[in-house]
Amino acid sequence: DPELVGGQEAEYTARVARMVVATIDISPFANPAAHDDAARARAAADWDRAMSDVGFAVVAGHGVAPEVVGALRSAAHEFFERSAEAKAAYCHGPYGNPLGGYTGIGTEAVSRTRDTHGGDGGRSAGASAAAPPDLVESFIFKPASPAAAPTCLDKPASAYHSELLRVLGCLHQLTAAALSLPADYFERFYSPHAEVSLRLAYYPALSASEQASSAVRYGEHTDYTGFTLLSQDESDLGEEGAGGLQVKLRSGHWHALQPVRGCFVVNIGDLYEVWTNGRWRSTVHRVMKPPAGSASAAAPRLSIPFF
């Protein structure tokens with residue numbers, strides 16, 4: 001709206017963002033004793049609509065204490081601020097190896113993995129085949145891994161992992177309700193325990209050459225598995241030209257997600273698009289760089305996906 005100025009424009013942008021990617025309260029499933037079947041039915045209908053329309057939702061009412069999230073974010077910053085040599089001691093093989101561990105910057109180029117899956121039918125796959133490496137380093141935490149995690153990460157990552165497993169179970173029940181399936185339908189696919197990864201994705205401050213390059217922080221892609229539960233960096237502005245997490249809509253336009261304090265961003269991967277015969281959308285998304293010369297470009301960014 002051309003008549004909006006200053007803070008009004010920012011408020012309007014945030015309101016539109018919430019309309020595109022719905023905020024859904026999952027407390028009827030996370031705390032079932034406090035809610036009735038009608039509340040669960042409403043949440044399930046909202047969930048089905050969000051996954052069908054966008055494949056993304058902002059999730060509230062999950063019950064994870066802010067202290068659990070904050071402790072892991074602080075520990076992750078502590079780890080990634082170490083020297084390259086110190087971090088490399090926790091590299092246990094290529095990204096995706098069964099032990100988890102550290103992957104250095106310049107290794108991943110996720111957009112090169114595009115195929116015909118995803119809500120856009122893989123139309124951007126060819127253009128992404130020669131994409132430069134992403135401007136990210138990461139650590140995969142697996143509680144059962146025989147390879148030791150850094151001491152600073154061990155306890156906070158274990159606590160976070162345990163809580164997100166609980167939330168994942170709630171999402172499975174919510175999904176079953178949304179698809180008119182028995183409440184325990186998805187348990188058999190995640191028994192005796194879910195094979196999930198907790199990924200700490202750290203985007204260092206950008207050098208002048210990185211700011212000027214064609215590389216992005218994380219290239220456009222779809223996720224491959226079931227749900228991704230993301231703790232988004234609160235520094236994302238939710239504006240298309242400001243960098244940060246962006247989602248590709250059916251129209252082909254990119255939509256920037258603004259973080260909502262105390263909430264997780266949840267999206268489905270290719271698995272659910274296949275499982276639902278295309279009813280739900282595995283949506284292409286990416287992480288863009290902030291504008292060259294901006295304060296955000298000179299600051300690190302941390303996101304924590306659990307999938």
# chains A, B, ... in the order shown; residues from 1 in each chain; ligands from 1
$ residues_around --residues "Tyr218 in chain A" --least-positions-apart "2" --cutoff "7 Å" --atoms "only C-alpha atoms" --output "VMD selection string"
chain A and resid 110 134 to 136 216 220 286 to 288
$ select_by_dssp --residues "range 233-285 of chain A" --states "strand (DSSP E or B)" --output "list in words"
Gly244, Leu245, Gln246, Val247, Lys248, Trp254, His255, Ala256, Phe264, Val265, Val266, Asn267, Ile268 and His285 of chain A
$ closest_residue --among "A:Ala178, A:Leu249, A:Ala65, A:Ala212" --to "Thr276 in chain A" --atoms "only C-alpha atoms"
A:Ala178
$ closest_residue --among "A:Ala89, A:Ser162, A:Leu174, A:Ala149" --to "Arg42 in chain A" --atoms "only C-alpha atoms"
A:Leu174
$ atom_distance --atom1 "CA of Ala297 in chain A" --atom2 "CA of Glu78 in chain A"
19.8 Å
$ atom_distance --atom1 "CA of Val58 in chain A" --atom2 "CA of Val260 in chain A"
7.7 Å
$ closest_residue --among "A:Gly106, A:Glu163, A:Cys152, A:Glu240" --to "Arg217 in chain A" --atoms "only C-alpha atoms"
A:Gly106
$ residues_around --residues "Arg281 in chain A" --least-positions-apart "6" --cutoff "12 Å" --atoms "only C-alpha atoms" --output "PyMOL selection string"
chain A and resi 48-57+117-121+222-224+226-227+247-250+267-275
$ write_last_selection --atoms "C-alpha atoms" --output "PDB file, in the first residue's frame"
ATOM      1  CA  ASP A  48      -4.621 -29.764   6.196  1.00  0.00           C
ATOM      2  CA  ARG A  49      -5.263 -26.366   4.606  1.00  0.00           C
ATOM      3  CA  ALA A  50      -1.760 -25.084   5.355  1.00  0.00           C
ATOM      4  CA  MET A  51       0.002 -28.195   4.085  1.00  0.00           C
ATOM      5  CA  SER A  52      -2.147 -28.257   0.943  1.00  0.00           C
ATOM      6  CA  ASP A  53      -1.778 -24.568   0.124  1.00  0.00           C
ATOM      7  CA  VAL A  54       1.822 -23.772   1.087  1.00  0.00           C
ATOM      8  CA  GLY A  55       3.413 -26.817   2.724  1.00  0.00           C
ATOM      9  CA  PHE A  56       4.597 -24.541   5.531  1.00  0.00           C
ATOM     10  CA  ALA A  57       3.122 -23.412   8.850  1.00  0.00           C
ATOM     11  CA  HIS A 117       9.976 -33.713  -6.534  1.00  0.00           C
ATOM     12  CA  GLY A 118       8.502 -30.688  -4.886  1.00  0.00           C
ATOM     13  CA  GLY A 119       5.614 -28.330  -5.429  1.00  0.00           C
ATOM     14  CA  ASP A 120       7.219 -26.807  -8.533  1.00  0.00           C
ATOM     15  CA  GLY A 121       7.823 -30.162 -10.220  1.00  0.00           C
ATOM     16  CA  THR A 222      12.923 -29.255  -1.103  1.00  0.00           C
ATOM     17  CA  ASP A 223      13.391 -31.399   1.977  1.00  0.00           C
ATOM     18  CA  TYR A 224      13.382 -35.137   1.418  1.00  0.00           C
ATOM     19  CA  GLY A 226       8.708 -36.117   6.572  1.00  0.00           C
ATOM     20  CA  PHE A 227       8.493 -32.966   8.673  1.00  0.00           C
ATOM     21  CA  VAL A 247       9.352 -19.970   0.395  1.00  0.00           C
ATOM     22  CA  LYS A 248       8.341 -20.386  -3.252  1.00  0.00           C
ATOM     23  CA  LEU A 249       4.584 -19.994  -3.684  1.00  0.00           C
ATOM     24  CA  ARG A 250       2.369 -21.615  -6.312  1.00  0.00           C
ATOM     25  CA  ASN A 267       7.266 -27.787   6.514  1.00  0.00           C
ATOM     26  CA  ILE A 268       6.764 -31.122   4.840  1.00  0.00           C
ATOM     27  CA  GLY A 269       9.317 -32.884   2.695  1.00  0.00           C
ATOM     28  CA  ASP A 270       8.985 -34.998  -0.425  1.00  0.00           C
ATOM     29  CA  LEU A 271       7.919 -38.024   1.630  1.00  0.00           C
ATOM     30  CA  TYR A 272       4.592 -36.470   2.623  1.00  0.00           C
ATOM     31  CA  GLU A 273       3.926 -35.225  -0.886  1.00  0.00           C
ATOM     32  CA  VAL A 274       4.294 -38.836  -2.058  1.00  0.00           C
ATOM     33  CA  TRP A 275       2.339 -40.271   0.878  1.00  0.00           C
TER      34      TRP A 275
END
$ select_by_dssp --residues "range 91-288 of chain A" --states "helix (DSSP H, G or I)" --output "PyMOL selection string"
chain A and resi 110-113+125-128+151-178+187-190+208-212+240-242+270-275
$ write_last_selection --atoms "C-alpha atoms" --output "compact mmCIF listing (two decimals), in the first residue's frame"
# COMPACT_ATOMS: atom_id res chain seq x y z
CA VAL A 110 21.98 -28.14 -1.79
CA SER A 111 20.33 -26.76 -4.93
CA ARG A 112 22.38 -29.21 -7.02
CA THR A 113 20.24 -31.99 -5.53
CA ALA A 125 16.51 -28.16 -11.21
CA GLY A 126 18.44 -27.53 -14.42
CA ALA A 127 19.33 -23.96 -13.50
CA SER A 128 20.62 -25.11 -10.12
CA THR A 151 31.03 -30.73 25.44
CA CYS A 152 29.28 -27.41 25.01
CA LEU A 153 26.65 -29.00 22.75
CA ASP A 154 26.06 -32.35 24.42
CA LYS A 155 23.53 -31.50 27.15
CA PRO A 156 21.60 -28.68 25.44
CA ALA A 157 21.39 -30.60 22.14
CA SER A 158 20.21 -33.76 23.93
CA ALA A 159 17.49 -31.82 25.77
CA TYR A 160 16.36 -30.09 22.58
CA HIS A 161 16.40 -33.35 20.60
CA SER A 162 14.21 -35.04 23.22
CA GLU A 163 11.68 -32.21 23.22
CA LEU A 164 11.49 -32.04 19.43
CA LEU A 165 10.86 -35.78 19.27
CA ARG A 166 7.86 -35.17 21.50
CA VAL A 167 6.62 -32.37 19.22
CA LEU A 168 7.14 -34.61 16.18
CA GLY A 169 4.83 -37.17 17.79
CA CYS A 170 2.20 -34.46 18.23
CA LEU A 171 2.54 -33.51 14.57
CA HIS A 172 2.02 -37.15 13.57
CA GLN A 173 -1.23 -37.26 15.54
CA LEU A 174 -2.29 -33.91 14.08
CA THR A 175 -1.50 -35.18 10.59
CA ALA A 176 -3.46 -38.37 11.14
CA ALA A 177 -6.48 -36.32 12.20
CA ALA A 178 -6.08 -34.00 9.20
CA GLU A 187 3.78 -44.60 14.73
CA ARG A 188 4.68 -47.79 12.81
CA PHE A 189 6.83 -45.79 10.38
CA TYR A 190 8.90 -44.33 13.22
CA ALA A 208 33.20 -8.47 0.82
CA SER A 209 33.86 -11.04 -1.91
CA GLU A 210 31.04 -13.30 -0.66
CA GLN A 211 28.64 -10.37 -0.60
CA ALA A 212 29.50 -9.62 -4.23
CA GLU A 240 12.10 -10.39 0.24
CA GLY A 241 15.10 -8.15 -0.37
CA ALA A 242 16.52 -8.54 3.13
CA ASP A 270 8.98 -35.00 -0.42
CA LEU A 271 7.92 -38.02 1.63
CA TYR A 272 4.59 -36.47 2.62
CA GLU A 273 3.93 -35.22 -0.89
CA VAL A 274 4.29 -38.84 -2.06
CA TRP A 275 2.34 -40.27 0.88
$ atom_distance --atom1 "CA of Leu257 in chain A" --atom2 "CA of Ala75 in chain A"
24.7 Å
$ closest_residue --among "A:Ala109, A:His92, A:Gly104, A:Ala131" --to "Ala148 in chain A" --atoms "only C-alpha atoms"
A:His92
$ closest_residue --among "A:Asp37, A:Tyr102, A:Val265, A:Pro66" --to "Thr23 in chain A" --atoms "only C-alpha atoms"
A:Val265
$ decode --residues "range 25-141 of chain A" --atoms "C-alpha atoms" --output "PDB file, in the first residue's frame"
ATOM      1  CA  ASP A  25      -1.801 -23.697  17.651  1.00  0.00           C
ATOM      2  CA  ILE A  26      -1.086 -27.408  18.153  1.00  0.00           C
ATOM      3  CA  SER A  27      -1.801 -27.381  21.915  1.00  0.00           C
ATOM      4  CA  PRO A  28      -4.937 -29.529  21.415  1.00  0.00           C
ATOM      5  CA  PHE A  29      -2.489 -32.324  20.532  1.00  0.00           C
ATOM      6  CA  ALA A  30       0.484 -31.290  22.698  1.00  0.00           C
ATOM      7  CA  ASN A  31      -1.744 -30.914  25.780  1.00  0.00           C
ATOM      8  CA  PRO A  32      -4.804 -33.038  24.948  1.00  0.00           C
ATOM      9  CA  ALA A  33      -6.266 -33.067  28.470  1.00  0.00           C
ATOM     10  CA  ALA A  34      -6.871 -29.319  28.276  1.00  0.00           C
ATOM     11  CA  HIS A  35      -8.777 -29.479  24.975  1.00  0.00           C
ATOM     12  CA  ASP A  36     -11.788 -31.234  23.496  1.00  0.00           C
ATOM     13  CA  ASP A  37     -12.289 -33.095  20.233  1.00  0.00           C
ATOM     14  CA  ALA A  38     -13.761 -30.013  18.585  1.00  0.00           C
ATOM     15  CA  ALA A  39     -10.521 -28.079  19.196  1.00  0.00           C
ATOM     16  CA  ARG A  40      -8.520 -30.946  17.723  1.00  0.00           C
ATOM     17  CA  ALA A  41     -10.778 -31.040  14.680  1.00  0.00           C
ATOM     18  CA  ARG A  42     -10.299 -27.308  14.100  1.00  0.00           C
ATOM     19  CA  ALA A  43      -6.517 -27.608  14.383  1.00  0.00           C
ATOM     20  CA  ALA A  44      -6.528 -30.584  12.001  1.00  0.00           C
ATOM     21  CA  ALA A  45      -8.554 -28.681   9.403  1.00  0.00           C
ATOM     22  CA  ASP A  46      -6.174 -25.720   9.649  1.00  0.00           C
ATOM     23  CA  TRP A  47      -3.205 -28.079   9.283  1.00  0.00           C
ATOM     24  CA  ASP A  48      -4.621 -29.764   6.196  1.00  0.00           C
ATOM     25  CA  ARG A  49      -5.263 -26.366   4.606  1.00  0.00           C
ATOM     26  CA  ALA A  50      -1.760 -25.084   5.355  1.00  0.00           C
ATOM     27  CA  MET A  51       0.002 -28.195   4.085  1.00  0.00           C
ATOM     28  CA  SER A  52      -2.147 -28.257   0.943  1.00  0.00           C
ATOM     29  CA  ASP A  53      -1.778 -24.568   0.124  1.00  0.00           C
ATOM     30  CA  VAL A  54       1.822 -23.772   1.087  1.00  0.00           C
ATOM     31  CA  GLY A  55       3.413 -26.817   2.724  1.00  0.00           C
ATOM     32  CA  PHE A  56       4.597 -24.541   5.531  1.00  0.00           C
ATOM     33  CA  ALA A  57       3.122 -23.412   8.850  1.00  0.00           C
ATOM     34  CA  VAL A  58       4.230 -21.539  11.934  1.00  0.00           C
ATOM     35  CA  VAL A  59       3.572 -23.752  14.953  1.00  0.00           C
ATOM     36  CA  ALA A  60       2.593 -22.402  18.354  1.00  0.00           C
ATOM     37  CA  GLY A  61       1.416 -24.233  21.476  1.00  0.00           C
ATOM     38  CA  HIS A  62       4.100 -26.901  21.203  1.00  0.00           C
ATOM     39  CA  GLY A  63       5.133 -26.754  24.853  1.00  0.00           C
ATOM     40  CA  VAL A  64       8.909 -26.467  24.357  1.00  0.00           C
ATOM     41  CA  ALA A  65      10.322 -24.119  26.988  1.00  0.00           C
ATOM     42  CA  PRO A  66      12.153 -21.048  25.640  1.00  0.00           C
ATOM     43  CA  GLU A  67      15.090 -21.947  27.883  1.00  0.00           C
ATOM     44  CA  VAL A  68      15.598 -25.230  25.987  1.00  0.00           C
ATOM     45  CA  VAL A  69      15.788 -23.400  22.668  1.00  0.00           C
ATOM     46  CA  GLY A  70      17.920 -20.578  24.046  1.00  0.00           C
ATOM     47  CA  ALA A  71      20.444 -22.931  25.630  1.00  0.00           C
ATOM     48  CA  LEU A  72      21.048 -24.745  22.362  1.00  0.00           C
ATOM     49  CA  ARG A  73      21.330 -21.550  20.358  1.00  0.00           C
ATOM     50  CA  SER A  74      23.908 -20.168  22.801  1.00  0.00           C
ATOM     51  CA  ALA A  75      25.893 -23.418  22.757  1.00  0.00           C
ATOM     52  CA  ALA A  76      25.826 -23.518  18.952  1.00  0.00           C
ATOM     53  CA  HIS A  77      27.225 -20.000  18.702  1.00  0.00           C
ATOM     54  CA  GLU A  78      29.953 -20.977  21.153  1.00  0.00           C
ATOM     55  CA  PHE A  79      30.928 -23.953  18.993  1.00  0.00           C
ATOM     56  CA  PHE A  80      30.888 -22.193  15.636  1.00  0.00           C
ATOM     57  CA  GLU A  81      32.970 -19.298  16.951  1.00  0.00           C
ATOM     58  CA  ARG A  82      35.865 -21.714  17.511  1.00  0.00           C
ATOM     59  CA  SER A  83      38.787 -21.917  15.117  1.00  0.00           C
ATOM     60  CA  ALA A  84      38.440 -23.877  11.886  1.00  0.00           C
ATOM     61  CA  GLU A  85      40.963 -26.405  13.187  1.00  0.00           C
ATOM     62  CA  ALA A  86      39.036 -26.971  16.418  1.00  0.00           C
ATOM     63  CA  LYS A  87      35.764 -27.514  14.563  1.00  0.00           C
ATOM     64  CA  ALA A  88      37.383 -29.827  11.991  1.00  0.00           C
ATOM     65  CA  ALA A  89      38.203 -32.246  14.827  1.00  0.00           C
ATOM     66  CA  TYR A  90      34.498 -33.136  14.803  1.00  0.00           C
ATOM     67  CA  CYS A  91      34.342 -33.930  11.083  1.00  0.00           C
ATOM     68  CA  HIS A  92      33.546 -37.665  10.853  1.00  0.00           C
ATOM     69  CA  GLY A  93      33.164 -37.957   7.092  1.00  0.00           C
ATOM     70  CA  PRO A  94      31.138 -36.415   4.267  1.00  0.00           C
ATOM     71  CA  TYR A  95      27.913 -34.576   5.013  1.00  0.00           C
ATOM     72  CA  GLY A  96      25.209 -37.161   5.621  1.00  0.00           C
ATOM     73  CA  ASN A  97      27.506 -39.741   7.175  1.00  0.00           C
ATOM     74  CA  PRO A  98      25.860 -41.888   9.890  1.00  0.00           C
ATOM     75  CA  LEU A  99      27.938 -40.393  12.716  1.00  0.00           C
ATOM     76  CA  GLY A 100      26.865 -36.800  12.152  1.00  0.00           C
ATOM     77  CA  GLY A 101      29.376 -34.130  13.111  1.00  0.00           C
ATOM     78  CA  TYR A 102      30.826 -31.025  11.517  1.00  0.00           C
ATOM     79  CA  THR A 103      30.778 -29.955   7.859  1.00  0.00           C
ATOM     80  CA  GLY A 104      32.856 -26.950   6.856  1.00  0.00           C
ATOM     81  CA  ILE A 105      31.805 -23.995   4.768  1.00  0.00           C
ATOM     82  CA  GLY A 106      31.997 -24.395   1.002  1.00  0.00           C
ATOM     83  CA  THR A 107      31.075 -28.098   1.119  1.00  0.00           C
ATOM     84  CA  GLU A 108      27.321 -28.116   0.573  1.00  0.00           C
ATOM     85  CA  ALA A 109      25.499 -26.997  -2.566  1.00  0.00           C
ATOM     86  CA  VAL A 110      21.982 -28.142  -1.787  1.00  0.00           C
ATOM     87  CA  SER A 111      20.328 -26.763  -4.928  1.00  0.00           C
ATOM     88  CA  ARG A 112      22.376 -29.213  -7.016  1.00  0.00           C
ATOM     89  CA  THR A 113      20.238 -31.992  -5.533  1.00  0.00           C
ATOM     90  CA  ARG A 114      16.979 -30.757  -7.117  1.00  0.00           C
ATOM     91  CA  ASP A 115      14.929 -33.336  -9.008  1.00  0.00           C
ATOM     92  CA  THR A 116      11.302 -33.656 -10.108  1.00  0.00           C
ATOM     93  CA  HIS A 117       9.976 -33.713  -6.534  1.00  0.00           C
ATOM     94  CA  GLY A 118       8.502 -30.688  -4.886  1.00  0.00           C
ATOM     95  CA  GLY A 119       5.614 -28.330  -5.429  1.00  0.00           C
ATOM     96  CA  ASP A 120       7.219 -26.807  -8.533  1.00  0.00           C
ATOM     97  CA  GLY A 121       7.823 -30.162 -10.220  1.00  0.00           C
ATOM     98  CA  GLY A 122      11.573 -29.542 -10.184  1.00  0.00           C
ATOM     99  CA  ARG A 123      11.321 -26.803 -12.817  1.00  0.00           C
ATOM    100  CA  SER A 124      14.367 -25.030 -11.375  1.00  0.00           C
ATOM    101  CA  ALA A 125      16.509 -28.160 -11.211  1.00  0.00           C
ATOM    102  CA  GLY A 126      18.443 -27.531 -14.417  1.00  0.00           C
ATOM    103  CA  ALA A 127      19.325 -23.965 -13.504  1.00  0.00           C
ATOM    104  CA  SER A 128      20.618 -25.113 -10.122  1.00  0.00           C
ATOM    105  CA  ALA A 129      22.892 -27.888 -11.377  1.00  0.00           C
ATOM    106  CA  ALA A 130      25.977 -25.678 -11.478  1.00  0.00           C
ATOM    107  CA  ALA A 131      25.191 -23.557  -8.426  1.00  0.00           C
ATOM    108  CA  PRO A 132      28.177 -22.442  -6.323  1.00  0.00           C
ATOM    109  CA  PRO A 133      28.636 -23.909  -2.829  1.00  0.00           C
ATOM    110  CA  ASP A 134      26.366 -22.576  -0.109  1.00  0.00           C
ATOM    111  CA  LEU A 135      27.707 -20.097   2.442  1.00  0.00           C
ATOM    112  CA  VAL A 136      26.996 -22.323   5.426  1.00  0.00           C
ATOM    113  CA  GLU A 137      28.743 -24.637   7.872  1.00  0.00           C
ATOM    114  CA  SER A 138      26.879 -27.127  10.000  1.00  0.00           C
ATOM    115  CA  PHE A 139      26.921 -29.673  12.790  1.00  0.00           C
ATOM    116  CA  ILE A 140      24.642 -32.736  12.813  1.00  0.00           C
ATOM    117  CA  PHE A 141      23.867 -33.918  16.335  1.00  0.00           C
TER     118      PHE A 141
END
